[in-house]
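All remarks here apply to the structure that follows.
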Amino acid sequence: GVVGASADNALDDYKDLDKLDAQYVEAAGVMTGLGIINGIDAVTLDPDGTYTREQAAKIIAYMVLGADNAEAMTCTVAPFDDVPASHWSAKYINFCVNEGIIDGMSEDTFAPFDTLTGFQWAKMLLSAVGFNAKKELTGADWAIKTQSIASQTGLFNGDLKGGDHVALRREQAILYAFNTLTGIGCVTWSESLGDYFYTYTGVGSRFTYQGTLAA
(Lines give C-alpha, C1' and ligand atoms only; values in the text may rest on other atoms or scores of the structure.)
Protein backbone atom coordinates (compact mmCIF):
# COMPACT_ATOMS: atom_id res chain seq x y z
CA GLY A 1 0.00 0.00 0.00
CA VAL A 2 1.75 3.14 1.25
CA VAL A 3 5.23 1.63 1.07
CA GLY A 4 4.65 0.28 -2.42
CA ALA A 5 3.21 3.51 -3.75
CA SER A 6 6.06 5.65 -2.49
CA ALA A 7 8.79 3.21 -3.41
CA ASP A 8 7.58 2.80 -7.00
CA ASN A 9 9.18 6.14 -7.82
CA ALA A 10 12.59 4.50 -7.50
CA LEU A 11 11.94 2.78 -10.82
CA ASP A 12 11.72 6.04 -12.71
CA ASP A 13 15.47 6.20 -13.35
CA TYR A 14 15.62 2.86 -15.15
CA LYS A 15 15.37 2.93 -18.92
CA ASP A 16 14.61 -0.76 -19.50
CA LEU A 17 11.33 -1.08 -17.62
CA ASP A 18 9.65 -2.27 -20.82
CA LYS A 19 11.40 -5.59 -20.10
CA LEU A 20 9.89 -5.82 -16.61
CA ASP A 21 6.75 -7.96 -16.71
CA ALA A 22 3.69 -6.45 -15.05
CA GLN A 23 3.45 -8.97 -12.21
CA TYR A 24 6.89 -7.93 -10.97
CA VAL A 25 6.46 -4.14 -11.04
CA GLU A 26 5.21 -3.66 -7.48
CA ALA A 27 7.95 -5.87 -6.03
CA ALA A 28 10.64 -4.10 -8.02
CA GLY A 29 9.30 -0.71 -7.00
CA VAL A 30 9.25 -1.54 -3.30
CA MET A 31 12.59 -3.34 -3.20
CA THR A 32 14.43 -0.65 -5.15
CA GLY A 33 12.69 2.06 -3.15
CA LEU A 34 13.91 0.50 0.09
CA GLY A 35 17.44 0.32 -1.31
CA ILE A 36 17.58 -3.47 -1.00
CA ILE A 37 17.75 -4.00 -4.76
CA ASN A 38 19.79 -1.99 -7.24
CA GLY A 39 20.11 -2.11 -10.99
CA ILE A 40 23.28 -3.26 -12.69
CA ASP A 41 23.96 0.44 -13.22
CA ALA A 42 22.13 3.71 -12.60
CA VAL A 43 19.78 3.32 -15.58
CA THR A 44 19.55 -0.45 -16.12
CA LEU A 45 17.48 -2.77 -13.95
CA ASP A 46 18.10 -5.80 -16.20
CA PRO A 47 14.99 -7.80 -15.16
CA ASP A 48 15.86 -10.61 -17.58
CA GLY A 49 19.37 -10.99 -16.17
CA THR A 50 20.52 -13.17 -13.29
CA TYR A 51 22.05 -12.81 -9.84
CA THR A 52 25.14 -14.49 -8.46
CA ARG A 53 25.38 -16.22 -5.09
CA GLU A 54 27.42 -13.36 -3.63
CA GLN A 55 24.86 -10.80 -4.79
CA ALA A 56 22.20 -12.91 -3.10
CA ALA A 57 24.14 -12.76 0.17
CA LYS A 58 24.15 -8.96 0.03
CA ILE A 59 20.39 -8.80 -0.58
CA ILE A 60 19.76 -11.14 2.35
CA ALA A 61 21.99 -9.08 4.65
CA TYR A 62 20.14 -5.91 3.67
CA MET A 63 16.77 -7.58 4.29
CA VAL A 64 17.72 -8.92 7.71
CA LEU A 65 19.89 -6.09 9.06
CA GLY A 66 18.87 -3.03 7.08
CA ALA A 67 21.18 -1.23 4.67
CA ASP A 68 23.07 0.84 7.24
CA ASN A 69 23.84 -2.05 9.56
CA ALA A 70 24.77 -4.32 6.68
CA GLU A 71 27.18 -1.75 5.28
CA ALA A 72 28.71 -1.20 8.72
CA MET A 73 29.84 -4.82 8.95
CA THR A 74 33.47 -5.74 8.43
CA CYS A 75 35.23 -9.00 7.62
CA THR A 76 38.80 -9.72 8.73
CA VAL A 77 38.95 -13.49 8.17
CA ALA A 78 38.11 -15.10 4.84
CA PRO A 79 34.88 -17.08 5.23
CA PHE A 80 35.87 -19.47 2.40
CA ASP A 81 38.96 -20.24 0.36
CA ASP A 82 37.36 -18.61 -2.69
CA VAL A 83 36.16 -15.51 -0.80
CA PRO A 84 39.09 -13.40 0.45
CA ALA A 85 38.36 -11.20 3.47
CA SER A 86 39.11 -8.16 1.30
CA HIS A 87 36.53 -9.10 -1.34
CA TRP A 88 33.49 -6.78 -1.45
CA SER A 89 30.98 -9.52 -0.65
CA ALA A 90 32.95 -11.23 2.14
CA LYS A 91 31.14 -9.44 4.95
CA TYR A 92 27.71 -10.33 3.58
CA ILE A 93 28.66 -13.95 2.97
CA ASN A 94 30.27 -14.21 6.41
CA PHE A 95 27.10 -12.88 8.05
CA CYS A 96 24.76 -15.18 6.14
CA VAL A 97 26.90 -18.26 6.80
CA ASN A 98 27.30 -17.49 10.50
CA GLU A 99 23.53 -17.02 10.82
CA GLY A 100 22.86 -20.32 9.08
CA ILE A 101 21.10 -18.60 6.19
CA ILE A 102 23.41 -19.68 3.37
CA ASP A 103 25.60 -22.77 3.05
CA GLY A 104 28.80 -23.08 1.09
CA MET A 105 28.97 -25.34 -1.93
CA SER A 106 31.50 -27.34 0.08
CA GLU A 107 33.25 -26.90 3.41
CA ASP A 108 35.89 -24.69 1.82
CA THR A 109 34.16 -23.09 -1.17
CA PHE A 110 31.23 -20.72 -1.58
CA ALA A 111 31.26 -20.29 -5.38
CA PRO A 112 30.44 -16.56 -5.16
CA PHE A 113 30.28 -16.07 -8.92
CA ASP A 114 27.94 -18.98 -9.63
CA THR A 115 24.51 -18.08 -10.97
CA LEU A 116 21.72 -18.12 -8.38
CA THR A 117 19.08 -20.78 -8.98
CA GLY A 118 15.44 -20.68 -7.97
CA PHE A 119 15.63 -23.35 -5.30
CA GLN A 120 18.85 -21.90 -3.86
CA TRP A 121 17.19 -18.51 -3.51
CA ALA A 122 14.06 -19.95 -1.97
CA LYS A 123 16.14 -21.87 0.60
CA MET A 124 18.11 -18.73 1.50
CA LEU A 125 14.98 -16.66 1.96
CA LEU A 126 13.23 -19.30 4.06
CA SER A 127 16.33 -19.63 6.22
CA ALA A 128 16.41 -15.86 6.68
CA VAL A 129 13.01 -15.95 8.41
CA GLY A 130 13.93 -18.88 10.63
CA PHE A 131 13.28 -22.08 8.72
CA ASN A 132 16.05 -24.70 8.41
CA ALA A 133 16.82 -24.39 12.12
CA LYS A 134 16.72 -28.19 12.23
CA LYS A 135 18.60 -28.53 8.91
CA GLU A 136 15.46 -29.84 7.27
CA LEU A 137 16.44 -28.03 4.07
CA THR A 138 19.65 -30.00 3.69
CA GLY A 139 20.42 -33.47 2.38
CA ALA A 140 19.40 -35.23 -0.80
CA ASP A 141 15.79 -34.01 -0.75
CA TRP A 142 16.51 -30.39 0.24
CA ALA A 143 14.98 -29.02 -2.97
CA ILE A 144 11.70 -30.91 -2.54
CA LYS A 145 11.37 -29.70 1.06
CA THR A 146 12.30 -26.16 0.04
CA GLN A 147 9.67 -26.12 -2.68
CA SER A 148 7.05 -27.48 -0.28
CA ILE A 149 7.61 -24.84 2.42
CA ALA A 150 7.99 -22.07 -0.15
CA SER A 151 4.66 -22.99 -1.73
CA GLN A 152 2.91 -23.23 1.63
CA THR A 153 4.18 -19.85 2.80
CA GLY A 154 3.47 -18.02 -0.45
CA LEU A 155 7.06 -17.31 -1.37
CA PHE A 156 6.34 -18.00 -5.07
CA ASN A 157 3.08 -15.99 -5.17
CA GLY A 158 2.66 -13.95 -8.34
CA ASP A 159 5.40 -15.69 -10.31
CA LEU A 160 4.09 -17.11 -13.55
CA LYS A 161 7.44 -18.34 -14.82
CA GLY A 162 8.52 -20.63 -12.01
CA GLY A 163 12.02 -21.37 -10.82
CA ASP A 164 13.79 -24.55 -9.85
CA HIS A 165 17.36 -25.74 -10.36
CA VAL A 166 17.92 -23.37 -13.28
CA ALA A 167 19.14 -19.79 -13.23
CA LEU A 168 16.57 -17.43 -11.73
CA ARG A 169 15.68 -14.25 -13.57
CA ARG A 170 16.34 -11.06 -11.61
CA GLU A 171 12.67 -10.02 -11.72
CA GLN A 172 11.72 -13.38 -10.20
CA ALA A 173 14.36 -13.10 -7.48
CA ILE A 174 13.11 -9.62 -6.62
CA LEU A 175 9.53 -10.89 -6.34
CA TYR A 176 10.51 -13.78 -4.05
CA ALA A 177 12.45 -11.39 -1.81
CA PHE A 178 9.48 -9.00 -1.73
CA ASN A 179 7.09 -11.81 -0.84
CA THR A 180 9.40 -12.90 1.96
CA LEU A 181 9.96 -9.42 3.30
CA THR A 182 6.30 -8.46 3.39
CA GLY A 183 4.35 -11.70 3.62
CA ILE A 184 6.19 -14.49 5.43
CA GLY A 185 6.27 -14.33 9.20
CA CYS A 186 9.50 -15.03 11.04
CA VAL A 187 9.41 -18.41 12.77
CA THR A 188 11.07 -20.07 15.75
CA TRP A 189 11.70 -23.78 16.20
CA SER A 190 10.18 -25.35 19.31
CA GLU A 191 11.77 -28.55 20.61
CA SER A 192 8.74 -29.20 22.83
CA LEU A 193 6.24 -28.74 20.00
CA GLY A 194 8.45 -30.40 17.44
CA ASP A 195 7.49 -27.74 14.94
CA TYR A 196 7.90 -24.09 13.96
CA PHE A 197 5.63 -21.44 15.39
CA TYR A 198 4.93 -17.79 14.61
CA THR A 199 3.87 -16.75 18.10
CA TYR A 200 3.72 -18.39 21.51
CA THR A 201 1.13 -17.52 24.13
CA GLY A 202 1.79 -20.19 26.72
CA VAL A 203 2.80 -19.75 30.34
CA GLY A 204 2.96 -16.18 31.61
CA SER A 205 4.57 -13.75 29.19
CA ARG A 206 6.38 -16.29 27.03
CA PHE A 207 6.20 -15.29 23.40
CA THR A 208 8.35 -14.90 20.33
CA TYR A 209 8.62 -12.24 17.64
CA GLN A 210 5.57 -12.04 15.40
CA GLY A 211 5.89 -10.38 12.04
CA THR A 212 7.85 -10.34 8.81
CA LEU A 213 11.37 -9.04 8.29
CA ALA A 214 9.78 -5.74 7.28
CA ALA A 215 7.72 -5.37 10.47
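Chain labels follow the order of the C-alpha coordinates: the first chain is A, the next B, and so on; residue numbering restarts at 1 in every chain, and ligands are counted from 1 in their shown order.
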Could you tell me, as an mmCIF file with N, CA, C and O atoms, in the first residue's frame, which residues of range 2-213 of chain A DSSP assigns to alpha helix (DSSP H) when given the backbone?
```cif
data_model
loop_
_atom_site.group_PDB
_atom_site.id
_atom_site.type_symbol
_atom_site.label_atom_id
_atom_site.label_comp_id
_atom_site.auth_asym_id
_atom_site.auth_seq_id
_atom_site.Cartn_x
_atom_site.Cartn_y
_atom_site.Cartn_z
ATOM 1 N N VAL A 2 1.009 1.883 1.155
ATOM 2 C CA VAL A 2 1.748 3.136 1.249
ATOM 3 C C VAL A 2 3.206 2.944 0.870
ATOM 4 O O VAL A 2 3.778 3.725 0.110
ATOM 5 N N VAL A 3 3.821 1.878 1.391
ATOM 6 C CA VAL A 3 5.226 1.631 1.073
ATOM 7 C C VAL A 3 5.401 1.411 -0.419
ATOM 8 O O VAL A 3 6.271 1.979 -1.058
ATOM 9 N N GLY A 4 4.532 0.578 -0.994
ATOM 10 C CA GLY A 4 4.649 0.284 -2.416
ATOM 11 C C GLY A 4 4.466 1.509 -3.279
ATOM 12 O O GLY A 4 5.209 1.734 -4.225
ATOM 13 N N ALA A 5 3.502 2.334 -2.933
ATOM 14 C CA ALA A 5 3.213 3.506 -3.753
ATOM 15 C C ALA A 5 4.364 4.495 -3.734
ATOM 16 O O ALA A 5 4.729 5.073 -4.759
ATOM 17 N N SER A 6 4.975 4.692 -2.576
ATOM 18 C CA SER A 6 6.065 5.653 -2.485
ATOM 19 C C SER A 6 7.339 5.105 -3.090
ATOM 20 O O SER A 6 8.125 5.834 -3.679
ATOM 21 N N ALA A 7 7.542 3.794 -2.937
ATOM 22 C CA ALA A 7 8.792 3.206 -3.414
ATOM 23 C C ALA A 7 8.806 3.041 -4.923
ATOM 24 O O ALA A 7 9.873 2.958 -5.516
ATOM 25 N N VAL A 25 6.254 -5.582 -11.175
ATOM 26 C CA VAL A 25 6.465 -4.137 -11.045
ATOM 27 C C VAL A 25 6.382 -3.679 -9.588
ATOM 28 O O VAL A 25 7.242 -2.930 -9.106
ATOM 29 N N GLU A 26 5.350 -4.101 -8.874
ATOM 30 C CA GLU A 26 5.213 -3.664 -7.479
ATOM 31 C C GLU A 26 6.407 -4.100 -6.645
ATOM 32 O O GLU A 26 6.965 -3.309 -5.870
ATOM 33 N N ALA A 27 6.808 -5.354 -6.796
ATOM 34 C CA ALA A 27 7.946 -5.869 -6.032
ATOM 35 C C ALA A 27 9.216 -5.093 -6.355
ATOM 36 O O ALA A 27 9.983 -4.710 -5.458
ATOM 37 N N ALA A 28 9.448 -4.833 -7.626
ATOM 38 C CA ALA A 28 10.645 -4.098 -8.022
ATOM 39 C C ALA A 28 10.606 -2.677 -7.483
ATOM 40 O O ALA A 28 11.628 -2.137 -7.043
ATOM 41 N N GLY A 29 9.429 -2.059 -7.510
ATOM 42 C CA GLY A 29 9.305 -0.706 -6.996
ATOM 43 C C GLY A 29 9.603 -0.620 -5.522
ATOM 44 O O GLY A 29 10.339 0.257 -5.067
ATOM 45 N N VAL A 30 9.047 -1.551 -4.747
ATOM 46 C CA VAL A 30 9.255 -1.537 -3.301
ATOM 47 C C VAL A 30 10.704 -1.856 -2.953
ATOM 48 O O VAL A 30 11.338 -1.161 -2.145
ATOM 49 N N MET A 31 11.248 -2.888 -3.566
ATOM 50 C CA MET A 31 12.592 -3.335 -3.196
ATOM 51 C C MET A 31 13.675 -2.354 -3.627
ATOM 52 O O MET A 31 14.679 -2.174 -2.938
ATOM 53 N N THR A 32 13.478 -1.690 -4.755
ATOM 54 C CA THR A 32 14.435 -0.652 -5.147
ATOM 55 C C THR A 32 14.241 0.597 -4.301
ATOM 56 O O THR A 32 15.204 1.270 -3.938
ATOM 57 N N GLY A 33 12.967 0.898 -3.984
ATOM 58 C CA GLY A 33 12.691 2.062 -3.153
ATOM 59 C C GLY A 33 13.284 1.943 -1.769
ATOM 60 O O GLY A 33 13.720 2.942 -1.179
ATOM 61 N N ARG A 53 25.558 -15.831 -6.487
ATOM 62 C CA ARG A 53 25.383 -16.219 -5.092
ATOM 63 C C ARG A 53 25.877 -15.127 -4.138
ATOM 64 O O ARG A 53 25.297 -14.909 -3.075
ATOM 65 N N GLU A 54 26.938 -14.423 -4.510
ATOM 66 C CA GLU A 54 27.424 -13.361 -3.629
ATOM 67 C C GLU A 54 26.478 -12.165 -3.630
ATOM 68 O O GLU A 54 26.297 -11.505 -2.597
ATOM 69 N N GLN A 55 25.855 -11.870 -4.757
ATOM 70 C CA GLN A 55 24.863 -10.801 -4.794
ATOM 71 C C GLN A 55 23.660 -11.169 -3.931
ATOM 72 O O GLN A 55 23.085 -10.311 -3.254
ATOM 73 N N ALA A 56 23.302 -12.449 -3.940
ATOM 74 C CA ALA A 56 22.196 -12.914 -3.099
ATOM 75 C C ALA A 56 22.505 -12.704 -1.625
ATOM 76 O O ALA A 56 21.633 -12.313 -0.844
ATOM 77 N N ALA A 57 23.746 -12.943 -1.228
ATOM 78 C CA ALA A 57 24.140 -12.756 0.171
ATOM 79 C C ALA A 57 23.982 -11.303 0.594
ATOM 80 O O ALA A 57 23.544 -11.010 1.718
ATOM 81 N N LYS A 58 24.304 -10.375 -0.300
ATOM 82 C CA LYS A 58 24.147 -8.957 0.026
ATOM 83 C C LYS A 58 22.670 -8.601 0.201
ATOM 84 O O LYS A 58 22.304 -7.891 1.153
ATOM 85 N N ILE A 59 21.824 -9.084 -0.686
ATOM 86 C CA ILE A 59 20.393 -8.800 -0.583
ATOM 87 C C ILE A 59 19.841 -9.327 0.736
ATOM 88 O O ILE A 59 19.082 -8.638 1.431
ATOM 89 N N ILE A 60 20.220 -10.548 1.085
ATOM 90 C CA ILE A 60 19.765 -11.140 2.346
ATOM 91 C C ILE A 60 20.207 -10.298 3.534
ATOM 92 O O ILE A 60 19.427 -10.007 4.453
ATOM 93 N N ALA A 61 21.470 -9.887 3.548
ATOM 94 C CA ALA A 61 21.989 -9.075 4.654
ATOM 95 C C ALA A 61 21.227 -7.766 4.775
ATOM 96 O O ALA A 61 20.899 -7.320 5.883
ATOM 97 N N TYR A 62 20.908 -7.147 3.654
ATOM 98 C CA TYR A 62 20.136 -5.906 3.666
ATOM 99 C C TYR A 62 18.723 -6.144 4.205
ATOM 100 O O TYR A 62 18.172 -5.317 4.936
ATOM 101 N N MET A 63 18.125 -7.275 3.837
ATOM 102 C CA MET A 63 16.773 -7.576 4.291
ATOM 103 C C MET A 63 16.730 -7.824 5.795
ATOM 104 O O MET A 63 15.811 -7.390 6.481
ATOM 105 N N VAL A 64 17.720 -8.530 6.300
ATOM 106 C CA VAL A 64 17.724 -8.916 7.712
ATOM 107 C C VAL A 64 18.191 -7.781 8.613
ATOM 108 O O VAL A 64 17.602 -7.514 9.666
ATOM 109 N N LEU A 65 19.257 -7.088 8.203
ATOM 110 C CA LEU A 65 19.893 -6.086 9.063
ATOM 111 C C LEU A 65 19.493 -4.657 8.752
ATOM 112 O O LEU A 65 19.623 -3.776 9.614
ATOM 113 N N ALA A 67 20.030 -1.653 5.478
ATOM 114 C CA ALA A 67 21.176 -1.231 4.675
ATOM 115 C C ALA A 67 22.321 -0.674 5.508
ATOM 116 O O ALA A 67 23.486 -1.030 5.312
ATOM 117 N N ASP A 68 22.019 0.197 6.443
ATOM 118 C CA ASP A 68 23.072 0.842 7.235
ATOM 119 C C ASP A 68 23.860 -0.166 8.061
ATOM 120 O O ASP A 68 25.093 -0.141 8.086
ATOM 121 N N ASN A 69 23.159 -1.056 8.735
ATOM 122 C CA ASN A 69 23.839 -2.050 9.558
ATOM 123 C C ASN A 69 24.621 -3.050 8.712
ATOM 124 O O ASN A 69 25.708 -3.495 9.104
ATOM 125 N N ALA A 70 24.070 -3.390 7.562
ATOM 126 C CA ALA A 70 24.770 -4.320 6.677
ATOM 127 C C ALA A 70 26.055 -3.698 6.155
ATOM 128 O O ALA A 70 27.103 -4.352 6.102
ATOM 129 N N GLU A 71 25.986 -2.426 5.793
ATOM 130 C CA GLU A 71 27.180 -1.751 5.283
ATOM 131 C C GLU A 71 28.222 -1.528 6.364
ATOM 132 O O GLU A 71 29.421 -1.438 6.092
ATOM 133 N N ALA A 72 27.787 -1.440 7.616
ATOM 134 C CA ALA A 72 28.713 -1.196 8.721
ATOM 135 C C ALA A 72 29.515 -2.435 9.100
ATOM 136 O O ALA A 72 30.502 -2.335 9.833
ATOM 137 N N ALA A 90 32.545 -10.348 1.038
ATOM 138 C CA ALA A 90 32.952 -11.234 2.136
ATOM 139 C C ALA A 90 32.131 -10.989 3.402
ATOM 140 O O ALA A 90 31.740 -11.929 4.098
ATOM 141 N N LYS A 91 31.867 -9.734 3.707
ATOM 142 C CA LYS A 91 31.138 -9.438 4.951
ATOM 143 C C LYS A 91 29.698 -9.929 4.889
ATOM 144 O O LYS A 91 29.146 -10.393 5.896
ATOM 145 N N TYR A 92 29.081 -9.855 3.718
ATOM 146 C CA TYR A 92 27.707 -10.330 3.580
ATOM 147 C C TYR A 92 27.660 -11.856 3.650
ATOM 148 O O TYR A 92 26.788 -12.432 4.306
ATOM 149 N N ILE A 93 28.596 -12.487 2.963
ATOM 150 C CA ILE A 93 28.665 -13.945 2.970
ATOM 151 C C ILE A 93 28.956 -14.447 4.377
ATOM 152 O O ILE A 93 28.326 -15.397 4.854
ATOM 153 N N ASN A 94 29.894 -13.809 5.045
ATOM 154 C CA ASN A 94 30.266 -14.205 6.406
ATOM 155 C C ASN A 94 29.052 -14.122 7.344
ATOM 156 O O ASN A 94 28.793 -15.037 8.143
ATOM 157 N N PHE A 95 28.296 -13.045 7.222
ATOM 158 C CA PHE A 95 27.098 -12.883 8.050
ATOM 159 C C PHE A 95 26.090 -13.986 7.772
ATOM 160 O O PHE A 95 25.575 -14.636 8.695
ATOM 161 N N CYS A 96 25.791 -14.205 6.510
ATOM 162 C CA CYS A 96 24.762 -15.183 6.143
ATOM 163 C C CYS A 96 25.161 -16.602 6.543
ATOM 164 O O CYS A 96 24.313 -17.388 6.987
ATOM 165 N N VAL A 97 26.435 -16.928 6.414
ATOM 166 C CA VAL A 97 26.897 -18.262 6.801
ATOM 167 C C VAL A 97 26.849 -18.421 8.318
ATOM 168 O O VAL A 97 26.385 -19.440 8.839
ATOM 169 N N ASN A 98 27.309 -17.417 9.038
ATOM 170 C CA ASN A 98 27.298 -17.489 10.503
ATOM 171 C C ASN A 98 25.884 -17.584 11.069
ATOM 172 O O ASN A 98 25.661 -18.187 12.119
ATOM 173 N N GLY A 118 16.693 -20.924 -8.663
ATOM 174 C CA GLY A 118 15.436 -20.678 -7.973
ATOM 175 C C GLY A 118 15.343 -21.359 -6.627
ATOM 176 O O GLY A 118 14.935 -20.750 -5.630
ATOM 177 N N PHE A 119 15.715 -22.624 -6.558
ATOM 178 C CA PHE A 119 15.632 -23.347 -5.296
ATOM 179 C C PHE A 119 16.664 -22.855 -4.291
ATOM 180 O O PHE A 119 16.399 -22.828 -3.088
ATOM 181 N N GLN A 120 17.845 -22.476 -4.766
ATOM 182 C CA GLN A 120 18.847 -21.903 -3.864
ATOM 183 C C GLN A 120 18.310 -20.626 -3.209
ATOM 184 O O GLN A 120 18.440 -20.427 -2.000
ATOM 185 N N TRP A 121 17.709 -19.782 -4.019
ATOM 186 C CA TRP A 121 17.191 -18.507 -3.510
ATOM 187 C C TRP A 121 16.051 -18.732 -2.531
ATOM 188 O O TRP A 121 15.972 -18.089 -1.481
ATOM 189 N N ALA A 122 15.166 -19.654 -2.865
ATOM 190 C CA ALA A 122 14.060 -19.955 -1.966
ATOM 191 C C ALA A 122 14.572 -20.474 -0.623
ATOM 192 O O ALA A 122 14.081 -20.076 0.441
ATOM 193 N N LYS A 123 15.564 -21.347 -0.647
ATOM 194 C CA LYS A 123 16.136 -21.874 0.595
ATOM 195 C C LYS A 123 16.751 -20.755 1.431
ATOM 196 O O LYS A 123 16.578 -20.698 2.652
ATOM 197 N N MET A 124 17.487 -19.850 0.781
ATOM 198 C CA MET A 124 18.110 -18.735 1.498
ATOM 199 C C MET A 124 17.059 -17.858 2.165
ATOM 200 O O MET A 124 17.187 -17.470 3.331
ATOM 201 N N LEU A 125 16.020 -17.538 1.432
ATOM 202 C CA LEU A 125 14.976 -16.656 1.963
ATOM 203 C C LEU A 125 14.219 -17.314 3.111
ATOM 204 O O LEU A 125 13.929 -16.661 4.123
ATOM 205 N N LEU A 126 13.912 -18.587 2.975
ATOM 206 C CA LEU A 126 13.228 -19.297 4.058
ATOM 207 C C LEU A 126 14.114 -19.377 5.300
ATOM 208 O O LEU A 126 13.635 -19.229 6.427
ATOM 209 N N SER A 127 15.392 -19.584 5.087
ATOM 210 C CA SER A 127 16.328 -19.634 6.220
ATOM 211 C C SER A 127 16.438 -18.270 6.892
ATOM 212 O O SER A 127 16.619 -18.184 8.108
ATOM 213 N N ALA A 128 16.306 -17.216 6.118
ATOM 214 C CA ALA A 128 16.414 -15.865 6.675
ATOM 215 C C ALA A 128 15.287 -15.562 7.651
ATOM 216 O O ALA A 128 15.471 -14.758 8.572
ATOM 217 N N TRP A 142 16.636 -31.780 -0.215
ATOM 218 C CA TRP A 142 16.509 -30.392 0.237
ATOM 219 C C TRP A 142 15.629 -29.572 -0.702
ATOM 220 O O TRP A 142 14.855 -28.719 -0.250
ATOM 221 N N ALA A 143 15.739 -29.826 -2.007
ATOM 222 C CA ALA A 143 14.983 -29.021 -2.971
ATOM 223 C C ALA A 143 13.487 -29.294 -2.863
ATOM 224 O O ALA A 143 12.666 -28.371 -2.947
ATOM 225 N N ILE A 144 13.112 -30.556 -2.668
ATOM 226 C CA ILE A 144 11.700 -30.908 -2.538
ATOM 227 C C ILE A 144 11.108 -30.254 -1.294
ATOM 228 O O ILE A 144 10.003 -29.690 -1.321
ATOM 229 N N LYS A 145 11.852 -30.307 -0.178
ATOM 230 C CA LYS A 145 11.371 -29.699 1.057
ATOM 231 C C LYS A 145 11.308 -28.180 0.934
ATOM 232 O O LYS A 145 10.392 -27.541 1.444
ATOM 233 N N THR A 146 12.292 -27.610 0.254
ATOM 234 C CA THR A 146 12.296 -26.161 0.035
ATOM 235 C C THR A 146 11.079 -25.737 -0.767
ATOM 236 O O THR A 146 10.387 -24.781 -0.419
ATOM 237 N N GLN A 147 10.817 -26.454 -1.846
ATOM 238 C CA GLN A 147 9.668 -26.124 -2.683
ATOM 239 C C GLN A 147 8.362 -26.249 -1.905
ATOM 240 O O GLN A 147 7.458 -25.419 -2.043
ATOM 241 N N SER A 148 8.273 -27.262 -1.059
ATOM 242 C CA SER A 148 7.048 -27.478 -0.281
ATOM 243 C C SER A 148 6.783 -26.322 0.678
ATOM 244 O O SER A 148 5.671 -25.770 0.713
ATOM 245 N N ILE A 149 7.793 -25.927 1.452
ATOM 246 C CA ILE A 149 7.611 -24.839 2.416
ATOM 247 C C ILE A 149 7.394 -23.514 1.691
ATOM 248 O O ILE A 149 6.571 -22.694 2.091
ATOM 249 N N ALA A 150 8.137 -23.306 0.608
ATOM 250 C CA ALA A 150 7.985 -22.069 -0.153
ATOM 251 C C ALA A 150 6.578 -21.934 -0.707
ATOM 252 O O ALA A 150 5.986 -20.846 -0.685
ATOM 253 N N SER A 151 6.023 -23.025 -1.191
ATOM 254 C CA SER A 151 4.660 -22.989 -1.730
ATOM 255 C C SER A 151 3.643 -22.746 -0.632
ATOM 256 O O SER A 151 2.696 -21.971 -0.796
ATOM 257 N N GLN A 152 3.837 -23.391 0.514
ATOM 258 C CA GLN A 152 2.906 -23.235 1.627
ATOM 259 C C GLN A 152 2.905 -21.816 2.192
ATOM 260 O O GLN A 152 1.859 -21.304 2.607
ATOM 261 N N THR A 153 4.060 -21.181 2.211
ATOM 262 C CA THR A 153 4.177 -19.849 2.799
ATOM 263 C C THR A 153 3.884 -18.724 1.815
ATOM 264 O O THR A 153 3.800 -17.561 2.209
ATOM 265 N N ARG A 170 16.272 -12.083 -12.653
ATOM 266 C CA ARG A 170 16.342 -11.059 -11.615
ATOM 267 C C ARG A 170 14.945 -10.615 -11.171
ATOM 268 O O ARG A 170 14.711 -10.399 -9.979
ATOM 269 N N GLU A 171 14.012 -10.461 -12.102
ATOM 270 C CA GLU A 171 12.674 -10.023 -11.720
ATOM 271 C C GLU A 171 11.992 -11.051 -10.823
ATOM 272 O O GLU A 171 11.237 -10.706 -9.913
ATOM 273 N N GLN A 172 12.263 -12.334 -11.058
ATOM 274 C CA GLN A 172 11.716 -13.378 -10.202
ATOM 275 C C GLN A 172 12.338 -13.324 -8.807
ATOM 276 O O GLN A 172 11.642 -13.431 -7.793
ATOM 277 N N ALA A 173 13.655 -13.170 -8.766
ATOM 278 C CA ALA A 173 14.363 -13.102 -7.484
ATOM 279 C C ALA A 173 13.869 -11.923 -6.649
ATOM 280 O O ALA A 173 13.703 -12.031 -5.426
ATOM 281 N N ILE A 174 13.621 -10.812 -7.314
ATOM 282 C CA ILE A 174 13.110 -9.620 -6.620
ATOM 283 C C ILE A 174 11.723 -9.899 -6.044
ATOM 284 O O ILE A 174 11.421 -9.532 -4.903
ATOM 285 N N LEU A 175 10.878 -10.567 -6.811
ATOM 286 C CA LEU A 175 9.528 -10.889 -6.335
ATOM 287 C C LEU A 175 9.578 -11.815 -5.128
ATOM 288 O O LEU A 175 8.872 -11.613 -4.140
ATOM 289 N N TYR A 176 10.414 -12.845 -5.185
ATOM 290 C CA TYR A 176 10.513 -13.782 -4.054
ATOM 291 C C TYR A 176 10.995 -13.059 -2.793
ATOM 292 O O TYR A 176 10.504 -13.322 -1.690
ATOM 293 N N ALA A 177 11.955 -12.153 -2.964
ATOM 294 C CA ALA A 177 12.446 -11.389 -1.814
ATOM 295 C C ALA A 177 11.354 -10.487 -1.259
ATOM 296 O O ALA A 177 11.188 -10.364 -0.038
ATOM 297 N N PHE A 178 10.594 -9.857 -2.139
ATOM 298 C CA PHE A 178 9.482 -8.999 -1.731
ATOM 299 C C PHE A 178 8.419 -9.802 -0.974
ATOM 300 O O PHE A 178 7.932 -9.388 0.078
ATOM 301 N N ASN A 179 8.073 -10.964 -1.503
ATOM 302 C CA ASN A 179 7.088 -11.812 -0.836
ATOM 303 C C ASN A 179 7.556 -12.221 0.554
ATOM 304 O O ASN A 179 6.768 -12.274 1.505
ATOM 305 N N THR A 180 8.836 -12.512 0.672
ATOM 306 C CA THR A 180 9.399 -12.899 1.963
ATOM 307 C C THR A 180 9.394 -11.734 2.930
ATOM 308 O O THR A 180 8.981 -11.859 4.087
ATOM 309 N N LEU A 181 9.842 -10.595 2.458
ATOM 310 C CA LEU A 181 9.963 -9.415 3.305
ATOM 311 C C LEU A 181 8.621 -8.956 3.844
ATOM 312 O O LEU A 181 8.509 -8.529 4.997
ATOM 313 N N THR A 182 7.594 -9.039 3.037
ATOM 314 C CA THR A 182 6.301 -8.458 3.393
ATOM 315 C C THR A 182 5.226 -9.470 3.781
ATOM 316 O O THR A 182 4.226 -9.089 4.378
ATOM 317 N N GLY A 183 5.438 -10.754 3.444
ATOM 318 C CA GLY A 183 4.346 -11.695 3.624
ATOM 319 C C GLY A 183 4.614 -12.950 4.416
ATOM 320 O O GLY A 183 3.676 -13.687 4.747
#
```
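Summary of the local environment: counting only C-alpha atoms, residues at most 10 Å from Phe110 in chain A, other than itself and those fewer than 2 positions away along its chain, are Arg53, Glu54, Pro79, Phe80, Asp81, Asp82, Val83, Ile93, Val97, Ile102, Asp103, Gly104, Met105, Ser106, Glu107, Asp108, Pro112, Phe113 and Asp114 of chain A.
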